[in-house]
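K.L.:
So here's coords22.cif (mmCIF, C-alpha atoms).
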```cif
data_upload
#
loop_
_atom_site.group_PDB
_atom_site.id
_atom_site.type_symbol
_atom_site.label_atom_id
_atom_site.label_comp_id
_atom_site.auth_asym_id
_atom_site.auth_seq_id
_atom_site.Cartn_x
_atom_site.Cartn_y
_atom_site.Cartn_z
ATOM 1 C CA MET S 19 0.000 0.000 0.000
ATOM 2 C CA SER S 20 1.233 3.589 -0.669
ATOM 3 C CA ASP S 21 0.188 7.179 0.079
ATOM 4 C CA THR S 22 1.277 10.539 -1.456
ATOM 5 C CA THR S 23 2.972 12.944 0.933
ATOM 6 C CA HIS S 24 2.598 16.781 0.912
ATOM 7 C CA ASP S 25 5.726 17.163 -1.270
ATOM 8 C CA GLY S 26 4.544 14.671 -3.876
ATOM 9 C CA ALA S 27 6.742 11.719 -2.726
ATOM 10 C CA LEU S 28 5.351 8.271 -2.298
ATOM 11 C CA ALA S 29 5.372 6.699 1.206
ATOM 12 C CA THR S 30 4.760 3.021 1.678
ATOM 13 C CA SER S 31 2.994 1.476 4.705
ATOM 14 C CA LYS S 32 3.115 -2.127 5.897
ATOM 15 C CA PRO S 33 0.057 -4.283 5.391
ATOM 16 C CA PRO S 34 -1.694 -5.322 8.636
ATOM 17 C CA SER S 35 -0.244 -8.397 10.333
ATOM 18 C CA PRO S 36 -2.256 -11.591 9.887
ATOM 19 C CA ASP S 37 -1.837 -12.116 13.626
ATOM 20 C CA ALA S 38 -3.303 -8.754 14.561
ATOM 21 C CA GLY S 39 -6.082 -9.025 17.093
ATOM 22 C CA LEU S 40 -5.278 -12.602 18.134
ATOM 23 C CA SER S 41 -4.992 -13.369 21.843
ATOM 24 C CA ALA S 42 -1.967 -15.149 23.301
ATOM 25 C CA ALA S 43 -3.942 -18.394 23.532
ATOM 26 C CA GLU S 44 -5.051 -18.085 19.900
ATOM 27 C CA LEU S 45 -1.486 -17.378 18.753
ATOM 28 C CA ALA S 46 -0.219 -20.426 20.652
ATOM 29 C CA ALA S 47 -2.899 -22.616 19.077
ATOM 30 C CA LYS S 48 -2.174 -21.220 15.608
ATOM 31 C CA TYR S 49 1.556 -21.956 15.737
ATOM 32 C CA GLY S 50 1.412 -25.141 17.812
ATOM 33 C CA LEU S 51 3.099 -23.627 20.868
ATOM 34 C CA SER S 52 2.771 -25.021 24.382
ATOM 35 C CA VAL S 53 3.591 -23.732 27.845
ATOM 36 C CA SER S 54 7.135 -24.565 28.909
ATOM 37 C CA GLY S 55 7.062 -27.236 31.617
ATOM 38 C CA ALA S 56 3.330 -27.849 31.235
ATOM 39 C CA ARG S 57 1.951 -31.011 32.782
ATOM 40 C CA PRO S 58 1.554 -33.811 30.216
ATOM 41 C CA GLY S 59 -1.445 -36.086 30.165
ATOM 42 C CA LEU S 60 -1.439 -38.968 32.611
ATOM 43 C CA GLY S 61 -0.771 -41.602 29.951
ATOM 44 C CA GLU S 62 2.063 -39.579 28.429
ATOM 45 C CA TYR S 63 3.478 -38.990 31.906
ATOM 46 C CA VAL S 64 3.602 -42.734 32.551
ATOM 47 C CA ARG S 65 5.366 -43.237 29.215
ATOM 48 C CA GLN S 66 7.925 -40.571 30.121
ATOM 49 C CA LEU S 67 8.573 -42.279 33.444
ATOM 50 C CA TRP S 68 9.082 -45.616 31.723
ATOM 51 C CA GLY S 69 11.575 -43.945 29.413
ATOM 52 C CA ARG S 70 13.505 -42.740 32.485
ATOM 53 C CA ARG S 71 13.534 -46.161 34.170
ATOM 54 C CA HIS S 72 17.298 -46.563 33.786
ATOM 55 C CA PHE S 73 17.870 -43.164 35.395
ATOM 56 C CA ILE S 74 15.558 -44.067 38.287
ATOM 57 C CA VAL S 75 17.421 -47.303 39.011
ATOM 58 C CA ALA S 76 20.885 -45.765 38.628
ATOM 59 C CA PHE S 77 19.964 -42.764 40.789
ATOM 60 C CA SER S 78 18.632 -45.005 43.573
ATOM 61 C CA ARG S 79 21.792 -47.126 43.538
ATOM 62 C CA ALA S 80 24.026 -44.058 43.636
ATOM 63 C CA LYS S 81 22.085 -42.639 46.593
ATOM 64 C CA LEU S 82 22.313 -45.969 48.404
ATOM 65 C CA MET S 83 26.081 -46.184 47.933
ATOM 66 C CA ALA S 84 26.598 -42.563 48.992
ATOM 67 C CA GLN S 85 24.388 -42.825 52.088
ATOM 68 C CA TYR S 86 27.140 -44.121 54.386
ATOM 69 C CA SER S 87 30.169 -43.230 52.271
ATOM 70 C CA GLN S 88 31.626 -41.024 55.027
ATOM 71 C CA ALA S 89 31.304 -43.703 57.741
ATOM 72 C CA LYS S 90 34.169 -46.103 58.391
ATOM 73 C CA LEU S 91 31.830 -49.091 58.570
ATOM 74 C CA GLY S 92 30.132 -48.002 55.353
ATOM 75 C CA GLN S 93 27.133 -50.064 54.251
ATOM 76 C CA ILE S 94 27.243 -52.135 57.446
ATOM 77 C CA TRP S 95 25.188 -49.357 59.037
ATOM 78 C CA GLN S 96 22.277 -50.313 56.772
ATOM 79 C CA VAL S 97 21.887 -53.401 58.940
ATOM 80 C CA ALA S 98 23.468 -52.218 62.189
ATOM 81 C CA THR S 99 21.108 -49.254 62.703
ATOM 82 C CA PRO S 100 17.807 -51.204 62.817
ATOM 83 C CA LEU S 101 19.519 -54.002 64.778
ATOM 84 C CA LEU S 102 20.662 -51.535 67.436
ATOM 85 C CA ASN S 103 17.156 -50.068 67.529
ATOM 86 C CA ALA S 104 15.730 -53.564 68.008
ATOM 87 C CA PHE S 105 18.179 -54.214 70.859
ATOM 88 C CA VAL S 106 17.220 -50.967 72.630
ATOM 89 C CA TYR S 107 13.498 -51.597 72.165
ATOM 90 C CA TYR S 108 13.898 -55.149 73.487
ATOM 91 C CA LEU S 109 15.568 -53.860 76.656
ATOM 92 C CA ILE S 110 12.863 -51.263 77.251
ATOM 93 C CA PHE S 111 9.704 -52.895 75.933
ATOM 94 C CA GLY S 112 10.618 -56.578 76.089
ATOM 95 C CA LEU S 113 12.352 -56.808 79.470
ATOM 96 C CA ILE S 114 11.221 -53.767 81.461
ATOM 97 C CA LEU S 115 7.668 -53.161 80.188
ATOM 98 C CA ASN S 116 6.968 -56.794 79.216
ATOM 99 C CA ALA S 117 5.382 -55.732 75.921
ATOM 100 C CA GLY S 118 5.695 -59.307 74.679
ATOM 101 C CA LYS S 119 3.421 -60.729 77.388
ATOM 102 C CA ASP S 120 1.693 -64.002 76.490
ATOM 103 C CA MET S 121 4.208 -64.417 73.675
ATOM 104 C CA PRO S 122 7.156 -66.847 74.020
ATOM 105 C CA LYS S 123 10.606 -65.283 73.832
ATOM 106 C CA ASP S 124 11.527 -67.335 70.748
ATOM 107 C CA VAL S 125 8.539 -65.704 69.023
ATOM 108 C CA TYR S 126 8.806 -62.210 70.492
ATOM 109 C CA ILE S 127 12.437 -61.499 69.553
ATOM 110 C CA PRO S 128 12.014 -62.238 65.808
ATOM 111 C CA PHE S 129 8.624 -60.503 66.033
ATOM 112 C CA LEU S 130 10.352 -57.343 67.289
ATOM 113 C CA VAL S 131 13.275 -57.480 64.837
ATOM 114 C CA MET S 132 10.979 -57.930 61.840
ATOM 115 C CA GLY S 133 8.728 -55.135 63.027
ATOM 116 C CA ILE S 134 11.674 -52.730 63.312
ATOM 117 C CA PHE S 135 13.091 -53.591 59.880
ATOM 118 C CA VAL S 136 9.754 -53.538 58.043
ATOM 119 C CA PHE S 137 8.509 -50.335 59.653
ATOM 120 C CA THR S 138 11.860 -48.658 58.981
ATOM 121 C CA PHE S 139 11.252 -49.389 55.292
ATOM 122 C CA THR S 140 8.076 -47.288 55.361
ATOM 123 C CA GLN S 141 9.538 -44.659 57.671
ATOM 124 C CA SER S 142 12.626 -44.097 55.510
ATOM 125 C CA SER S 143 10.554 -43.951 52.313
ATOM 126 C CA VAL S 144 8.290 -41.287 53.795
ATOM 127 C CA MET S 145 11.167 -39.194 55.144
ATOM 128 C CA ALA S 146 13.014 -39.411 51.814
ATOM 129 C CA GLY S 147 9.814 -38.490 49.994
ATOM 130 C CA VAL S 148 9.358 -35.309 52.031
ATOM 131 C CA ARG S 149 12.727 -34.042 50.775
ATOM 132 C CA ALA S 150 12.525 -35.542 47.271
ATOM 133 C CA ILE S 151 11.713 -32.198 45.598
ATOM 134 C CA SER S 152 12.755 -29.586 48.160
ATOM 135 C CA GLY S 153 16.127 -31.283 48.683
ATOM 136 C CA ASN S 154 16.892 -31.568 44.945
ATOM 137 C CA LEU S 155 15.820 -28.174 43.627
ATOM 138 C CA GLY S 156 19.039 -27.754 41.643
ATOM 139 C CA LEU S 157 18.320 -30.924 39.685
ATOM 140 C CA VAL S 158 14.626 -30.098 39.301
ATOM 141 C CA ARG S 159 15.325 -26.614 37.943
ATOM 142 C CA ALA S 160 18.242 -27.576 35.710
ATOM 143 C CA LEU S 161 16.784 -30.558 33.840
ATOM 144 C CA HIS S 162 13.447 -31.431 32.291
ATOM 145 C CA PHE S 163 12.242 -34.864 33.390
ATOM 146 C CA PRO S 164 9.136 -36.306 35.058
ATOM 147 C CA ARG S 165 9.469 -35.219 38.680
ATOM 148 C CA ALA S 166 7.906 -38.446 39.947
ATOM 149 C CA SER S 167 11.248 -40.056 39.096
ATOM 150 C CA LEU S 168 12.638 -38.641 42.346
ATOM 151 C CA PRO S 169 10.209 -40.065 44.954
ATOM 152 C CA ILE S 170 10.080 -43.360 43.034
ATOM 153 C CA SER S 171 13.881 -43.519 43.043
ATOM 154 C CA PHE S 172 14.066 -42.807 46.780
ATOM 155 C CA SER S 173 11.504 -45.514 47.534
ATOM 156 C CA LEU S 174 13.463 -47.924 45.364
ATOM 157 C CA GLN S 175 16.593 -46.999 47.313
ATOM 158 C CA GLN S 176 14.866 -47.946 50.569
ATOM 159 C CA LEU S 177 13.655 -51.229 49.044
ATOM 160 C CA GLN S 178 17.202 -52.148 48.059
ATOM 161 C CA GLN S 179 18.383 -51.329 51.565
ATOM 162 C CA LEU S 180 15.664 -53.532 53.061
ATOM 163 C CA LEU S 181 16.572 -56.423 50.754
ATOM 164 C CA TYR S 182 20.138 -56.320 52.076
ATOM 165 C CA SER S 183 18.748 -56.241 55.608
ATOM 166 C CA MET S 184 16.482 -59.235 54.984
ATOM 167 C CA ILE S 185 19.574 -61.431 55.236
ATOM 168 C CA VAL S 186 19.710 -60.507 58.923
ATOM 169 C CA VAL S 187 15.947 -60.978 59.288
ATOM 170 C CA PHE S 188 16.200 -64.508 57.871
ATOM 171 C CA ALA S 189 19.180 -65.244 60.122
ATOM 172 C CA VAL S 190 17.256 -64.121 63.219
ATOM 173 C CA ALA S 191 14.271 -66.238 62.187
ATOM 174 C CA VAL S 192 16.442 -69.343 61.804
ATOM 175 C CA ALA S 193 18.314 -68.620 65.054
ATOM 176 C CA PHE S 194 15.013 -68.883 66.930
ATOM 177 C CA GLY S 195 13.864 -72.101 65.312
ATOM 178 C CA ASN S 196 12.011 -70.869 62.243
ATOM 179 C CA TYR S 197 13.341 -72.757 59.240
ATOM 180 C CA PRO S 198 12.663 -72.062 55.545
ATOM 181 C CA GLN S 199 9.366 -73.373 54.227
ATOM 182 C CA LEU S 200 6.827 -72.480 51.549
ATOM 183 C CA SER S 201 5.244 -69.767 53.704
ATOM 184 C CA TRP S 202 8.482 -67.775 53.391
ATOM 185 C CA LEU S 203 7.543 -67.086 49.758
ATOM 186 C CA LEU S 204 4.720 -64.868 51.039
ATOM 187 C CA VAL S 205 7.408 -62.309 51.842
ATOM 188 C CA ILE S 206 7.663 -61.484 48.116
ATOM 189 C CA PRO S 207 4.070 -60.258 47.525
ATOM 190 C CA ALA S 208 3.983 -58.632 50.969
ATOM 191 C CA LEU S 209 7.109 -56.553 50.287
ATOM 192 C CA PHE S 210 5.918 -55.710 46.774
ATOM 193 C CA LEU S 211 2.602 -54.384 48.102
ATOM 194 C CA GLN S 212 4.411 -52.443 50.806
ATOM 195 C CA PHE S 213 6.750 -50.953 48.195
ATOM 196 C CA VAL S 214 3.782 -49.767 46.107
ATOM 197 C CA PHE S 215 2.170 -48.290 49.222
ATOM 198 C CA ASN S 216 5.434 -46.607 50.303
ATOM 199 C CA THR S 217 5.985 -45.121 46.854
ATOM 200 C CA GLY S 218 2.508 -43.617 46.733
ATOM 201 C CA LEU S 219 2.909 -42.193 50.224
ATOM 202 C CA ALA S 220 6.356 -40.807 49.308
ATOM 203 C CA MET S 221 4.761 -39.001 46.349
ATOM 204 C CA VAL S 222 2.095 -37.480 48.574
ATOM 205 C CA MET S 223 4.763 -36.276 50.982
ATOM 206 C CA ALA S 224 6.992 -35.061 48.120
ATOM 207 C CA ARG S 225 4.249 -32.736 46.884
ATOM 208 C CA ALA S 226 3.497 -31.543 50.416
ATOM 209 C CA GLY S 227 7.204 -31.087 51.200
ATOM 210 C CA ALA S 228 7.782 -29.129 47.984
ATOM 211 C CA LYS S 229 5.209 -26.572 49.121
ATOM 212 C CA THR S 230 6.042 -26.667 52.843
ATOM 213 C CA PRO S 231 9.734 -27.524 53.462
ATOM 214 C CA ASP S 232 9.202 -27.264 57.249
ATOM 215 C CA LEU S 233 7.203 -30.491 57.009
ATOM 216 C CA ALA S 234 10.527 -32.351 57.156
ATOM 217 C CA GLN S 235 10.946 -31.126 60.745
ATOM 218 C CA LEU S 236 7.487 -32.325 61.770
ATOM 219 C CA MET S 237 7.507 -35.767 60.171
ATOM 220 C CA PRO S 238 9.832 -37.504 62.690
ATOM 221 C CA PHE S 239 7.214 -36.904 65.396
ATOM 222 C CA VAL S 240 4.424 -38.150 63.130
ATOM 223 C CA MET S 241 6.381 -41.273 62.217
ATOM 224 C CA ARG S 242 7.250 -42.008 65.853
ATOM 225 C CA THR S 243 3.562 -41.811 66.782
ATOM 226 C CA TRP S 244 2.673 -44.083 63.864
ATOM 227 C CA MET S 245 5.312 -46.588 64.964
ATOM 228 C CA TYR S 246 3.946 -46.803 68.510
ATOM 229 C CA ALA S 247 0.397 -47.232 67.152
ATOM 230 C CA SER S 248 1.336 -49.984 64.690
ATOM 231 C CA GLY S 249 2.386 -52.778 67.015
ATOM 232 C CA VAL S 250 6.092 -52.689 66.258
ATOM 233 C CA MET S 251 7.018 -53.552 69.841
ATOM 234 C CA PHE S 252 3.876 -55.437 70.879
ATOM 235 C CA SER S 253 1.136 -57.596 69.406
ATOM 236 C CA ILE S 254 -1.970 -55.437 69.038
ATOM 237 C CA SER S 255 -4.370 -58.378 69.326
ATOM 238 C CA VAL S 256 -2.706 -59.618 72.538
ATOM 239 C CA TYR S 257 -1.876 -56.333 74.244
ATOM 240 C CA LEU S 258 -5.305 -54.771 73.655
ATOM 241 C CA LYS S 259 -7.473 -57.837 74.252
ATOM 242 C CA ASP S 260 -9.004 -56.187 77.340
ATOM 243 C CA LYS S 261 -9.800 -52.964 75.468
ATOM 244 C CA PRO S 262 -12.837 -52.244 73.249
ATOM 245 C CA ALA S 263 -12.569 -54.335 70.076
ATOM 246 C CA TRP S 264 -12.816 -51.345 67.739
ATOM 247 C CA ILE S 265 -9.508 -49.921 69.059
ATOM 248 C CA ALA S 266 -7.594 -53.073 68.163
ATOM 249 C CA ASP S 267 -9.371 -53.232 64.781
ATOM 250 C CA VAL S 268 -8.391 -49.665 63.866
ATOM 251 C CA LEU S 269 -4.768 -50.233 64.853
ATOM 252 C CA GLN S 270 -4.532 -53.613 63.112
ATOM 253 C CA TRP S 271 -6.008 -52.305 59.867
ATOM 254 C CA ASN S 272 -3.526 -49.477 59.534
ATOM 255 C CA PRO S 273 -1.178 -50.282 56.617
ATOM 256 C CA ALA S 274 2.082 -50.330 58.570
ATOM 257 C CA ALA S 275 0.678 -52.961 60.957
ATOM 258 C CA ILE S 276 -0.732 -55.037 58.088
ATOM 259 C CA TYR S 277 2.554 -55.288 56.167
ATOM 260 C CA MET S 278 4.534 -56.060 59.338
ATOM 261 C CA ASP S 279 2.102 -58.786 60.340
ATOM 262 C CA LEU S 280 2.235 -60.407 56.902
ATOM 263 C CA ILE S 281 6.034 -60.659 57.101
ATOM 264 C CA ARG S 282 5.831 -62.046 60.633
ATOM 265 C CA PHE S 283 3.166 -64.562 59.630
ATOM 266 C CA ALA S 284 5.333 -65.727 56.721
ATOM 267 C CA LEU S 285 8.551 -66.178 58.710
ATOM 268 C CA ILE S 286 7.610 -67.008 62.324
ATOM 269 C CA ASP S 287 6.141 -70.449 62.960
ATOM 270 C CA GLY S 288 4.511 -69.442 66.245
ATOM 271 C CA TYR S 289 2.883 -66.332 64.751
ATOM 272 C CA ASP S 290 -0.233 -67.863 63.255
ATOM 273 C CA SER S 291 -3.368 -66.403 61.692
ATOM 274 C CA SER S 292 -4.950 -65.760 65.110
ATOM 275 C CA TYR S 293 -2.722 -62.691 65.405
ATOM 276 C CA LEU S 294 -3.922 -61.282 62.068
ATOM 277 C CA PRO S 295 -7.023 -59.204 61.347
ATOM 278 C CA PRO S 296 -9.650 -60.736 59.028
ATOM 279 C CA HIS S 297 -9.192 -60.227 55.272
ATOM 280 C CA VAL S 298 -5.606 -59.126 55.827
ATOM 281 C CA TRP S 299 -4.506 -59.695 52.219
ATOM 282 C CA ALA S 300 -7.486 -57.755 50.897
ATOM 283 C CA PHE S 301 -6.499 -54.835 53.101
ATOM 284 C CA ALA S 302 -2.859 -55.120 52.012
ATOM 285 C CA VAL S 303 -3.858 -54.936 48.330
ATOM 286 C CA GLY S 304 -6.405 -52.194 49.006
ATOM 287 C CA TRP S 305 -3.917 -49.939 50.788
ATOM 288 C CA ALA S 306 -1.350 -50.460 48.020
ATOM 289 C CA VAL S 307 -3.832 -49.595 45.261
ATOM 290 C CA LEU S 308 -5.425 -46.672 47.105
ATOM 291 C CA ILE S 309 -2.217 -44.950 48.221
ATOM 292 C CA GLY S 310 -0.017 -46.137 45.347
ATOM 293 C CA LEU S 311 -2.281 -44.979 42.504
ATOM 294 C CA GLY S 312 -3.854 -42.116 44.437
ATOM 295 C CA GLY S 313 -0.463 -40.755 45.481
ATOM 296 C CA PHE S 314 0.806 -40.959 41.890
ATOM 297 C CA VAL S 315 -2.157 -38.990 40.508
ATOM 298 C CA TYR S 316 -1.946 -36.481 43.364
ATOM 299 C CA PHE S 317 1.743 -35.860 42.639
ATOM 300 C CA TRP S 318 1.190 -35.638 38.867
ATOM 301 C CA LYS S 319 -1.458 -32.928 39.246
ATOM 302 C CA ALA S 320 1.180 -30.498 40.574
ATOM 303 C CA GLU S 321 3.901 -31.483 38.080
ATOM 304 C CA GLU S 322 4.263 -28.028 36.505
ATOM 305 C CA ARG S 323 4.641 -26.298 39.893
ATOM 306 C CA TYR S 324 7.685 -28.176 41.208
ATOM 307 C CA GLY S 325 10.796 -26.014 41.404
ATOM 308 C CA ARG S 326 8.955 -22.802 40.536
ATOM 309 C CA GLY S 327 9.819 -21.180 43.848
#
```
Please lay out the structure from this file as structure tokens.
P.N.:
Amino acid sequence: MSDTTHDGALATSKPPSPDAGLSAAELAAKYGLSVSGARPGLGEYVRQLWGRRHFIVAFSRAKLMAQYSQAKLGQIWQVATPLLNAFVYYLIFGLILNAGKDMPKDVYIPFLVMGIFVFTFTQSSVMAGVRAISGNLGLVRALHFPRASLPISFSLQQLQQLLYSMIVVFAVAVAFGNYPQLSWLLVIPALFLQFVFNTGLAMVMARAGAKTPDLAQLMPFVMRTWMYASGVMFSISVYLKDKPAWIADVLQWNPAAIYMDLIRFALIDGYDSSYLPPHVWAFAVGWAVLIGLGGFVYFWKAEERYGRG
């Protein structure tokens, strides 16, 4: 287009832009643009996680190896720490408070050791989950990857640590007259369900910890309360037999107690089904599905907000 100026010269003007009048959303749709760091669909998110599976495994192994790298005894502390805890709890609860009343000593000692090791698995997964995002902000802000890789990797780290510790658990079981049999195979599905539950819970805590870093200071008190309410040091069905039945039911149906009892039932000959709540496997699967899948979706919904400050 052209116009004549006052001195007779021709002046040209640009034609109107084809994008004139379009909103930012319309421009993005026109040119196929997307928001940087936007949350992908759930199916695509799962595919991205599967594509990062090698990173998740390698990261968990590296964290496990580095955990006690500054200690002279190194990885021995993976086993020594829960064993020392079991020894202290046996002195206090087993000998002084008689928390193992009506339970033979050859049943109570493996009962206590297994409770400590199995609950520590959940406790460590939760505590690692709280710091999964807030403690790795440099990585989160520097690289683009599905953020769920972090809590999953930390839960996998705790599973690997527990598997090393299970050697001691099996040794304690044998030392007190519990020899390998087919029931020991029940440990595999029980630990798998607990791992799924722990991972979902770690994701819930990772999202909460990303928004409220001070949660990491509160969680040790929450976990200690949960431990005392889960029958780590005493049998809920035995110790609360004189209390209203609903109290024992609530405590026995909490997930930490269920997964501990399944391991004890599998490995201890004298710990039979009378100690277990009804439908225990149904509850174990239900908790794993509810918290595992629910925690994953809950974490995914805030994907684009992690590391934004």
K.L.:
Do you have the atom CA of S:Lys81-atom CA of S:Ala98 distance handy?
P.N.:
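Pair atom CA of S:Lys81 / atom CA of S:Ala98 returns 18.4 Å.
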K.L.:
Please provide the set of residues having any atom within 9 Å of S:Val136, restricted to only C-alpha atoms, with same-chain residues fewer than 6 positions apart removed, written as a list in words.
P.N.:
Leu180, Leu209, Ala274, Tyr277, Met278 and Ile281 of chain S
K.L.:
Could you give me, as JSON, numbers by chain, the residues that have an atom at most 12 Å away from the point (1.2, -52.7, 67.0) in the coordinates of the file, using all atoms listed in the file?
P.N.:
{"S": [117, 118, 129, 130, 133, 134, 137, 243, 244, 245, 246, 247, 248, 249, 250, 251, 252, 253, 254, 255, 256, 257, 258, 265, 266, 267, 268, 269, 270, 271, 272, 273, 274, 275, 276, 277, 278, 279, 293, 294, 295]}
K.L.:
Given the file shown, enumerate the residues that the PyMOL selection byres ((chain S and resi 189-197) around 6) captures and present them as a list of chain:residue names.
P.N.:
S:Asp124, S:Pro128, S:Val186, S:Val187, S:Phe188, S:Pro198, S:Ile286, S:Asp287
K.L.:
Tell me which of S:Met83, S:Ile309, S:Ile206, S:Val240 sits closest to S:Gln179, counting all atoms listed in the file.
P.N.:
S:Met83
K.L.:
Given all atoms listed in the file as the basis, pick out the residue of S:Ile114, S:Met184, S:Ala306, S:Met221 nearest to S:Leu101.
P.N.:
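Using all atoms listed in the file, S:Leu101 sits closest to S:Met184.
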K.L.:
Would you give the centre and edge lengths, in Å to one decimal, of a box along x, y and z around the listed atoms of stretch 133-143 of chain S, with 8 Å added to each side, as AutoDock Vina command-line options?
P.N.:
```
--center_x 10.6 --center_y -49.5 --center_z 57.8 --size_x 21.0 --size_y 27.2 --size_z 27.0
```
K.L.:
With distances taken over all atoms listed in the file, which of S:Phe283, S:Trp305, S:Phe105, S:Phe210 is nearest to S:Val125?
P.N.:
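Among the listed residues, S:Phe283 lies closest to S:Val125.
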K.L.:
May I ask for the distance between atom CA of S:Ser167 and atom CA of S:Val144, given in Å to one decimal place?
P.N.:
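Atom-to-atom, atom CA of S:Ser167 to atom CA of S:Val144, that is 15.0 Å.
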K.L.:
Take atom CA of S:Tyr126 and atom CA of S:Arg282 and report the distance between them in Å, one decimal.
P.N.:
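Straight-line distance from atom CA of S:Tyr126 to atom CA of S:Arg282 works out to 10.3 Å.
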K.L.:
Applied to the shown file, which residues does the PyMOL selection byres ((chain S and resi 234) around 12) return, written as a PDB file with C-alpha atoms, in the frame of the given file?
P.N.:
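out_36.pdb, freshly written:
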```pdb
ATOM      1  CA  VAL S 144       8.290 -41.287  53.795  1.00  0.00           C
ATOM      2  CA  MET S 145      11.167 -39.194  55.144  1.00  0.00           C
ATOM      3  CA  ALA S 146      13.014 -39.411  51.814  1.00  0.00           C
ATOM      4  CA  GLY S 147       9.814 -38.490  49.994  1.00  0.00           C
ATOM      5  CA  VAL S 148       9.358 -35.309  52.031  1.00  0.00           C
ATOM      6  CA  ARG S 149      12.727 -34.042  50.775  1.00  0.00           C
ATOM      7  CA  ALA S 150      12.525 -35.542  47.271  1.00  0.00           C
ATOM      8  CA  ILE S 151      11.713 -32.198  45.598  1.00  0.00           C
ATOM      9  CA  SER S 152      12.755 -29.586  48.160  1.00  0.00           C
ATOM     10  CA  GLY S 153      16.127 -31.283  48.683  1.00  0.00           C
ATOM     11  CA  MET S 223       4.763 -36.276  50.982  1.00  0.00           C
ATOM     12  CA  ALA S 224       6.992 -35.061  48.120  1.00  0.00           C
ATOM     13  CA  ALA S 226       3.497 -31.543  50.416  1.00  0.00           C
ATOM     14  CA  GLY S 227       7.204 -31.087  51.200  1.00  0.00           C
ATOM     15  CA  ALA S 228       7.782 -29.129  47.984  1.00  0.00           C
ATOM     16  CA  LYS S 229       5.209 -26.572  49.121  1.00  0.00           C
ATOM     17  CA  THR S 230       6.042 -26.667  52.843  1.00  0.00           C
ATOM     18  CA  PRO S 231       9.734 -27.524  53.462  1.00  0.00           C
ATOM     19  CA  ASP S 232       9.202 -27.264  57.249  1.00  0.00           C
ATOM     20  CA  LEU S 233       7.203 -30.491  57.009  1.00  0.00           C
ATOM     21  CA  GLN S 235      10.946 -31.126  60.745  1.00  0.00           C
ATOM     22  CA  LEU S 236       7.487 -32.325  61.770  1.00  0.00           C
ATOM     23  CA  MET S 237       7.507 -35.767  60.171  1.00  0.00           C
ATOM     24  CA  PRO S 238       9.832 -37.504  62.690  1.00  0.00           C
ATOM     25  CA  PHE S 239       7.214 -36.904  65.396  1.00  0.00           C
ATOM     26  CA  VAL S 240       4.424 -38.150  63.130  1.00  0.00           C
ATOM     27  CA  MET S 241       6.381 -41.273  62.217  1.00  0.00           C
TER      28      MET S 241
END
```
K.L.:
Using only C-alpha atoms, find the one residue out of S:Ile170, S:Ala208, S:Val75, S:Met121 that sits nearest to S:Asp290.
P.N.:
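Comparing S:Ile170, S:Ala208, S:Val75, S:Met121 against S:Asp290, the winner is S:Met121.
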K.L.:
Which one of S:Ala160, S:Leu204, S:Leu109, S:Ala220 sits closest to S:Gln141 if you count only C-alpha atoms?
P.N.:
S:Ala220
K.L.:
Pick the closest to S:Trp299 from S:Arg326, S:Arg71, S:Leu174, S:Leu211: which is it, counting only C-alpha atoms?
P.N.:
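Using only C-alpha atoms, S:Trp299 sits closest to S:Leu211.
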K.L.:
Up to 9 Å from (2.0, -38.4, 42.0) in the file's coordinates: name the residues, counting all atoms listed in the file, as a list of chain:residue names.
P.N.:
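Residues with an atom close enough to that point: S:Arg165, S:Ala166, S:Pro169, S:Gly218, S:Ala220, S:Met221, S:Val222, S:Ala224, S:Arg225, S:Gly310, S:Leu311, S:Gly312, S:Gly313, S:Phe314, S:Val315, S:Tyr316, S:Phe317, S:Trp318, S:Lys319, S:Ala320, S:Glu321.
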K.L.:
Evaluate the PyMOL selection byres ((chain S and resi 163) around 12) and record the selected residues as a compact mmCIF listing (two decimals) with C-alpha atoms, in the coordinates of the input, following the chain and residue labels used in the document.
P.N.:
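And here's part_18.txt as it stands now:
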```
# COMPACT_ATOMS: atom_id res chain seq x y z
CA GLY S 55 7.06 -27.24 31.62
CA ALA S 56 3.33 -27.85 31.24
CA ARG S 57 1.95 -31.01 32.78
CA PRO S 58 1.55 -33.81 30.22
CA TYR S 63 3.48 -38.99 31.91
CA VAL S 64 3.60 -42.73 32.55
CA ARG S 65 5.37 -43.24 29.22
CA GLN S 66 7.92 -40.57 30.12
CA LEU S 67 8.57 -42.28 33.44
CA TRP S 68 9.08 -45.62 31.72
CA GLY S 69 11.58 -43.94 29.41
CA ARG S 70 13.50 -42.74 32.48
CA ARG S 71 13.53 -46.16 34.17
CA PHE S 73 17.87 -43.16 35.40
CA ILE S 74 15.56 -44.07 38.29
CA LEU S 157 18.32 -30.92 39.68
CA VAL S 158 14.63 -30.10 39.30
CA ARG S 159 15.32 -26.61 37.94
CA ALA S 160 18.24 -27.58 35.71
CA LEU S 161 16.78 -30.56 33.84
CA HIS S 162 13.45 -31.43 32.29
CA PRO S 164 9.14 -36.31 35.06
CA ARG S 165 9.47 -35.22 38.68
CA ALA S 166 7.91 -38.45 39.95
CA SER S 167 11.25 -40.06 39.10
CA LEU S 168 12.64 -38.64 42.35
CA GLU S 321 3.90 -31.48 38.08
CA GLU S 322 4.26 -28.03 36.51
CA TYR S 324 7.68 -28.18 41.21
```
